[in-house]
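Single-structure report; data block below.
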Amino acid sequence: MRRRPTASPTLWTGLVLIGLCALFSLLRPAAFPTLYNAQTLLVQAGPLLLLAVGMTFVIITSGIDLSVGSVLVFSGVVSAKTMEALGGGDATDLGWGAIGVGLLVALAGGALWGVLNGLLVAVARVPALIVTLGSFGAALGAAQLLTNGVDVRTVPSALRLTFGTGTSFAVVPNLVLVVAAVTLLAAWLLRTTRFGRHTYAIGSNAEAARRAGIRVTRHLVQVYALSGLLAGLAGFLSLAYFGTTTISGHSNDNLNAIAAVVLGGTSLFGGIGSVLGSVIGVFIPAVLDTGFVMVGVQPFWQPIAVGAVLIAAVWWDQRRRRARAGR
């Protein structure tokens, strides 16, 4: 019942990423292959990678989650407002106890939106596209209501200095270490545990999975809750990096996360995918964006290039599906 992801999509996507890095390194040898540029790429891609990891689980079940960008914003807002309240209106000097509360609030806020999405999809049987499109607007609207549309800037200094700009081992950003640890845990969860096996089985054939004894409804709620939880963590780390809630800065995160997952070889039809592929997929648009700026190409070409590669990836996935079906 379970269909493992083939190596080919991930391999080819990885080769594309390596080729792009080599190309921009040749064109701008003094700027692109530098430690500073690598650190900047990793940090800026971190929150999006968390969204893509959660999206990987959702898409493998043959679902979709358009709400992750707005859930990120909402989680950052409720976290910032909580820490602001604990600091009496000024949270800049708060300690790690209050910051820990802010983290828990961000995770809880994201998970609650995920559970709501999962219940509507799995229990109420509303199409995932409609449910998450609705929560996309609702979560963003709730964040704007809580702040009157004005970003919260009273982020604790300890949070910004530790996870926003702090490094370990002299060169590795702390934010990257957190994202890497969560990504590795998610990859282990998907590839080696019963939870992962059930995720693949539901995406391959939900009815067959149900007849095999898998509690499909509960599992789908858990998968969407996981996506929301990771969006909540992304919102907290975004808060640490920017020092503000950036309410209007994540309008395309949901589409970018979906594009990264599909570029990484995860099938939109479900049953096939890997976290490793999604990691590679996240960095293709990031490298294109940075490389285009360095070589003087208008950044407007970046979404065109990503869109072309995305369409090619979906076309290739459909060819593989037809070949397996013998058509």
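Residues are referred to by chain and number: the chain letter is A, B, ... according to the order shown in the structure tokens, the number counts from 1 in that chain, and ligands are numbered separately from 1 in the order shown.
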
Quiz prompt | Contacts of range 217-221 of chain A within 7 Å, only C-alpha atoms, excl. fewer than 2 positions in-chain, as a ChimeraX atom specification | solution = /A:115,118-119,122-123,215,223-225

Output N, CA and C atoms for every residue in that selection, as a PDB file, in the first residue's frame.
ATOM      1  N   VAL A 115      -5.814  22.153  13.631  1.00  0.00           N
ATOM      2  CA  VAL A 115      -6.865  21.231  14.077  1.00  0.00           C
ATOM      3  C   VAL A 115      -8.204  21.618  13.445  1.00  0.00           C
ATOM      4  N   GLY A 118      -8.175  20.493   9.937  1.00  0.00           N
ATOM      5  CA  GLY A 118      -8.281  19.043   9.874  1.00  0.00           C
ATOM      6  C   GLY A 118      -9.690  18.548  10.156  1.00  0.00           C
ATOM      7  N   LEU A 119     -10.346  19.124  11.131  1.00  0.00           N
ATOM      8  CA  LEU A 119     -11.713  18.712  11.459  1.00  0.00           C
ATOM      9  C   LEU A 119     -12.670  19.003  10.305  1.00  0.00           C
ATOM     10  N   ALA A 122     -11.554  16.441   7.416  1.00  0.00           N
ATOM     11  CA  ALA A 122     -11.707  15.003   7.662  1.00  0.00           C
ATOM     12  C   ALA A 122     -13.078  14.634   8.205  1.00  0.00           C
ATOM     13  N   VAL A 123     -13.659  15.487   9.023  1.00  0.00           N
ATOM     14  CA  VAL A 123     -14.943  15.163   9.658  1.00  0.00           C
ATOM     15  C   VAL A 123     -16.110  15.756   8.874  1.00  0.00           C
ATOM     16  N   ARG A 215      -6.931   4.671  11.149  1.00  0.00           N
ATOM     17  CA  ARG A 215      -7.955   5.658  11.529  1.00  0.00           C
ATOM     18  C   ARG A 215      -7.704   6.927  10.726  1.00  0.00           C
ATOM     19  N   VAL A 223      -2.307  15.429  10.875  1.00  0.00           N
ATOM     20  CA  VAL A 223      -1.432  15.965   9.834  1.00  0.00           C
ATOM     21  C   VAL A 223      -1.643  17.470   9.674  1.00  0.00           C
ATOM     22  N   TYR A 224      -2.896  17.906   9.644  1.00  0.00           N
ATOM     23  CA  TYR A 224      -3.158  19.339   9.518  1.00  0.00           C
ATOM     24  C   TYR A 224      -2.740  20.089  10.793  1.00  0.00           C
ATOM     25  N   ALA A 225      -2.884  19.442  11.940  1.00  0.00           N
ATOM     26  CA  ALA A 225      -2.404  20.054  13.183  1.00  0.00           C
ATOM     27  C   ALA A 225      -0.886  20.224  13.153  1.00  0.00           C
TER      28      ALA A 225
END

Name the residues in contact with Leu276 in chain A at a cut-off of 10 Å, using only C-alpha atoms, excluding same-chain residues fewer than 6 positions from it; report them as an mmCIF file with all heavy atoms, in the first residue's frame.
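Contents of part-v8.cif, as written:
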data_model
loop_
_atom_site.group_PDB
_atom_site.id
_atom_site.type_symbol
_atom_site.label_atom_id
_atom_site.label_comp_id
_atom_site.auth_asym_id
_atom_site.auth_seq_id
_atom_site.Cartn_x
_atom_site.Cartn_y
_atom_site.Cartn_z
ATOM 1 N N THR A 10 13.957 13.845 -6.605
ATOM 2 C CA THR A 10 14.827 14.522 -5.657
ATOM 3 C C THR A 10 16.221 14.695 -6.229
ATOM 4 O O THR A 10 16.855 15.747 -6.072
ATOM 5 C CB THR A 10 14.898 13.729 -4.338
ATOM 6 O OG1 THR A 10 13.578 13.604 -3.799
ATOM 7 C CG2 THR A 10 15.785 14.437 -3.332
ATOM 8 N N GLY A 14 17.951 18.227 -6.951
ATOM 9 C CA GLY A 14 19.231 18.527 -6.318
ATOM 10 C C GLY A 14 20.275 18.959 -7.328
ATOM 11 O O GLY A 14 21.059 19.883 -7.078
ATOM 12 N N VAL A 53 7.913 21.818 5.200
ATOM 13 C CA VAL A 53 7.943 20.506 5.856
ATOM 14 C C VAL A 53 6.527 20.091 6.249
ATOM 15 O O VAL A 53 6.096 18.960 5.992
ATOM 16 C CB VAL A 53 8.869 20.537 7.086
ATOM 17 C CG1 VAL A 53 8.682 19.278 7.925
ATOM 18 C CG2 VAL A 53 10.320 20.653 6.644
ATOM 19 N N THR A 56 4.547 19.179 3.240
ATOM 20 C CA THR A 56 4.903 17.880 2.674
ATOM 21 C C THR A 56 3.980 16.788 3.201
ATOM 22 O O THR A 56 3.460 15.964 2.437
ATOM 23 C CB THR A 56 6.368 17.534 3.010
ATOM 24 O OG1 THR A 56 7.223 18.556 2.503
ATOM 25 C CG2 THR A 56 6.772 16.191 2.402
ATOM 26 N N THR A 183 13.540 19.873 11.056
ATOM 27 C CA THR A 183 13.458 19.220 9.753
ATOM 28 C C THR A 183 13.926 17.771 9.832
ATOM 29 O O THR A 183 13.299 16.861 9.255
ATOM 30 C CB THR A 183 14.290 19.997 8.722
ATOM 31 O OG1 THR A 183 13.801 21.347 8.639
ATOM 32 C CG2 THR A 183 14.191 19.350 7.353
ATOM 33 N N LEU A 184 15.029 17.529 10.518
ATOM 34 C CA LEU A 184 15.528 16.158 10.679
ATOM 35 C C LEU A 184 14.525 15.295 11.442
ATOM 36 O O LEU A 184 14.310 14.126 11.102
ATOM 37 C CB LEU A 184 16.872 16.178 11.403
ATOM 38 C CG LEU A 184 18.060 16.702 10.591
ATOM 39 C CD1 LEU A 184 19.285 16.833 11.483
ATOM 40 C CD2 LEU A 184 18.362 15.786 9.409
ATOM 41 N N ALA A 186 11.285 15.744 11.515
ATOM 42 C CA ALA A 186 10.158 15.491 10.615
ATOM 43 C C ALA A 186 10.504 14.433 9.578
ATOM 44 O O ALA A 186 9.672 13.586 9.240
ATOM 45 C CB ALA A 186 9.749 16.799 9.925
ATOM 46 N N ALA A 187 11.742 14.473 9.069
ATOM 47 C CA ALA A 187 12.166 13.460 8.095
ATOM 48 C C ALA A 187 12.162 12.069 8.713
ATOM 49 O O ALA A 187 11.735 11.093 8.084
ATOM 50 C CB ALA A 187 13.563 13.804 7.574
ATOM 51 N N VAL A 261 7.533 22.192 -2.212
ATOM 52 C CA VAL A 261 7.228 20.775 -2.000
ATOM 53 C C VAL A 261 7.102 20.040 -3.327
ATOM 54 O O VAL A 261 7.640 18.935 -3.509
ATOM 55 C CB VAL A 261 5.932 20.631 -1.167
ATOM 56 C CG1 VAL A 261 5.493 19.173 -1.093
ATOM 57 C CG2 VAL A 261 6.150 21.177 0.243
ATOM 58 N N GLY A 264 10.325 19.600 -5.038
ATOM 59 C CA GLY A 264 11.110 18.563 -4.387
ATOM 60 C C GLY A 264 10.663 17.148 -4.707
ATOM 61 O O GLY A 264 11.236 16.199 -4.165
ATOM 62 N N GLY A 265 9.652 16.987 -5.551
ATOM 63 C CA GLY A 265 9.257 15.651 -5.985
ATOM 64 C C GLY A 265 8.033 15.082 -5.305
ATOM 65 O O GLY A 265 7.636 13.949 -5.590
#

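Shortest atom-to-atom contact with Gly273 in chain A among A:Met55, A:Thr193, A:Gly296, A:Leu255: A:Met55, counting only C-alpha atoms.
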
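If you look at CA of Gly69 in chain A and CA of His250 in chain A, they are 5.6 Å away from each other.
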
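Shell of Gly228 in chain A at 6 Å, with only C-alpha atoms counted and residues fewer than 5 places along the chain excluded, is Gly110, Ala111 and Gly114 of chain A.
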
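Of note, CA of Gly54 in chain A and CA of Leu230 in chain A are spaced 6.2 Å apart.
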
Quiz item: Expressed in Å to a single decimal, how great is the separation between CA of Val178 in chain A and CA of Gly19 in chain A?
Solution: 27.4 Å

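Nearest residue to Gly109 in chain A, choosing from A:Phe74, A:Phe283, A:Phe57, A:Phe195 and counting only C-alpha atoms: A:Phe74.
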
Quiz item: Using only C-alpha atoms, which residues sit within 9 Å of range 167-174 of chain A once same-chain residues fewer than 2 positions away are excluded, as an MDAnalysis selection string?
Solution: chainID A and resid 35 39 42:43 162:165 176:179

Grab the residues selected above and save them as a PDB file, in the first residue's frame with N, CA and C atoms.
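Saved the output as out-v4.pdb:
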ATOM      1  N   LEU A  35      30.623  33.142   2.903  1.00  0.00           N
ATOM      2  CA  LEU A  35      29.992  32.721   4.148  1.00  0.00           C
ATOM      3  C   LEU A  35      28.795  33.591   4.480  1.00  0.00           C
ATOM      4  N   GLN A  39      24.981  32.266   4.995  1.00  0.00           N
ATOM      5  CA  GLN A  39      24.241  32.487   6.241  1.00  0.00           C
ATOM      6  C   GLN A  39      22.916  33.187   5.960  1.00  0.00           C
ATOM      7  N   LEU A  42      20.373  30.792   4.305  1.00  0.00           N
ATOM      8  CA  LEU A  42      19.849  29.806   5.249  1.00  0.00           C
ATOM      9  C   LEU A  42      18.845  30.433   6.211  1.00  0.00           C
ATOM     10  N   VAL A  43      19.173  31.611   6.727  1.00  0.00           N
ATOM     11  CA  VAL A  43      18.293  32.260   7.702  1.00  0.00           C
ATOM     12  C   VAL A  43      16.983  32.681   7.056  1.00  0.00           C
ATOM     13  N   THR A 162      19.396  36.170  20.340  1.00  0.00           N
ATOM     14  CA  THR A 162      19.705  34.738  20.369  1.00  0.00           C
ATOM     15  C   THR A 162      19.294  34.026  19.089  1.00  0.00           C
ATOM     16  N   PHE A 163      18.034  34.172  18.700  1.00  0.00           N
ATOM     17  CA  PHE A 163      17.541  33.451  17.527  1.00  0.00           C
ATOM     18  C   PHE A 163      17.414  34.329  16.284  1.00  0.00           C
ATOM     19  N   GLY A 164      17.450  35.635  16.459  1.00  0.00           N
ATOM     20  CA  GLY A 164      17.383  36.514  15.297  1.00  0.00           C
ATOM     21  C   GLY A 164      18.730  36.707  14.634  1.00  0.00           C
ATOM     22  N   THR A 165      19.751  37.054  15.440  1.00  0.00           N
ATOM     23  CA  THR A 165      21.082  37.334  14.896  1.00  0.00           C
ATOM     24  C   THR A 165      22.172  36.478  15.521  1.00  0.00           C
ATOM     25  N   VAL A 176      18.998  28.714  12.182  1.00  0.00           N
ATOM     26  CA  VAL A 176      19.212  27.603  11.248  1.00  0.00           C
ATOM     27  C   VAL A 176      19.319  26.286  12.004  1.00  0.00           C
ATOM     28  N   LEU A 177      19.974  26.297  13.162  1.00  0.00           N
ATOM     29  CA  LEU A 177      20.093  25.084  13.963  1.00  0.00           C
ATOM     30  C   LEU A 177      18.723  24.577  14.396  1.00  0.00           C
ATOM     31  N   VAL A 178      17.843  25.501  14.803  1.00  0.00           N
ATOM     32  CA  VAL A 178      16.496  25.109  15.220  1.00  0.00           C
ATOM     33  C   VAL A 178      15.739  24.499  14.045  1.00  0.00           C
ATOM     34  N   VAL A 179      15.781  25.178  12.908  1.00  0.00           N
ATOM     35  CA  VAL A 179      15.069  24.685  11.718  1.00  0.00           C
ATOM     36  C   VAL A 179      15.623  23.338  11.274  1.00  0.00           C
TER      37      VAL A 179
END

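With only C-alpha atoms as the atoms that count, the minimum distance from Leu190 in chain A to the choices A:Val58, A:Gly95, A:Gln318, A:Val71 is reached by A:Val58.
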
Quiz item: When distances are computed from only C-alpha atoms, which of A:Ile214, A:Leu226, A:Ala240, A:Leu145 shows the smallest separation from Leu161 in chain A?
Solution: A:Ala240

Exercise. Name the residues of range 38-254 of chain A that come out as alpha helix (DSSP H) in a backbone DSSP run; write them as a ChimeraX atom specification.
Key: /A:38-60,68-86,96-122,128-147,157-159,174-192,194-204,206-211,216-242,253-254

Quiz prompt | Selection near Ser135 in chain A, 9 Å with only C-alpha atoms, sequence-local residues under 5 positions removed, as a PyMOL selection string | solution = chain A and resi 66-67+70-71+113+116-117+130+140

Tell me, counting only C-alpha atoms, for each residue of range 246-281 of chain A within 12 Å of range 147-158 of chain A, which pair of atoms is nearest and how far apart they are in Å to one decimal, in rows ordered by chain and increasing number, as a Markdown table.
| residue | atom | partner | partner_atom | distance |
| --- | --- | --- | --- | --- |
| A:Thr246 | CA | A:Asp151 | CA | 6.2 |
| A:Ile247 | CA | A:Asp151 | CA | 6.3 |
| A:Ser248 | CA | A:Asp151 | CA | 8.9 |
| A:Gly249 | CA | A:Asp151 | CA | 10.6 |

Could the residues in this selection be written to a file with all heavy atoms, as a short mmCIF file (atom, residue, chain, number, x, y, z; two decimals), in the first residue's frame?
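Written output follows (result_4.cif):
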data_model
loop_
_atom_site.label_atom_id
_atom_site.label_comp_id
_atom_site.auth_asym_id
_atom_site.auth_seq_id
_atom_site.Cartn_x
_atom_site.Cartn_y
_atom_site.Cartn_z
N THR A 246 5.54 41.67 10.99
CA THR A 246 5.48 41.64 9.51
C THR A 246 4.14 41.11 9.00
O THR A 246 4.09 40.12 8.27
CB THR A 246 6.64 40.81 8.92
OG1 THR A 246 6.58 39.46 9.41
CG2 THR A 246 7.99 41.41 9.30
N ILE A 247 3.06 41.76 9.37
CA ILE A 247 1.72 41.29 9.03
C ILE A 247 1.51 41.18 7.52
O ILE A 247 0.88 40.24 7.03
CB ILE A 247 0.66 42.23 9.65
CG1 ILE A 247 0.70 42.12 11.16
CG2 ILE A 247 -0.74 41.89 9.13
CD1 ILE A 247 -0.21 43.09 11.88
N SER A 248 2.05 42.12 6.77
CA SER A 248 1.82 42.13 5.32
C SER A 248 2.94 41.46 4.54
O SER A 248 2.96 41.54 3.31
CB SER A 248 1.65 43.58 4.84
OG SER A 248 2.83 44.33 5.11
N GLY A 249 3.86 40.79 5.22
CA GLY A 249 5.03 40.28 4.53
C GLY A 249 5.01 38.82 4.16
O GLY A 249 6.04 38.28 3.74
#
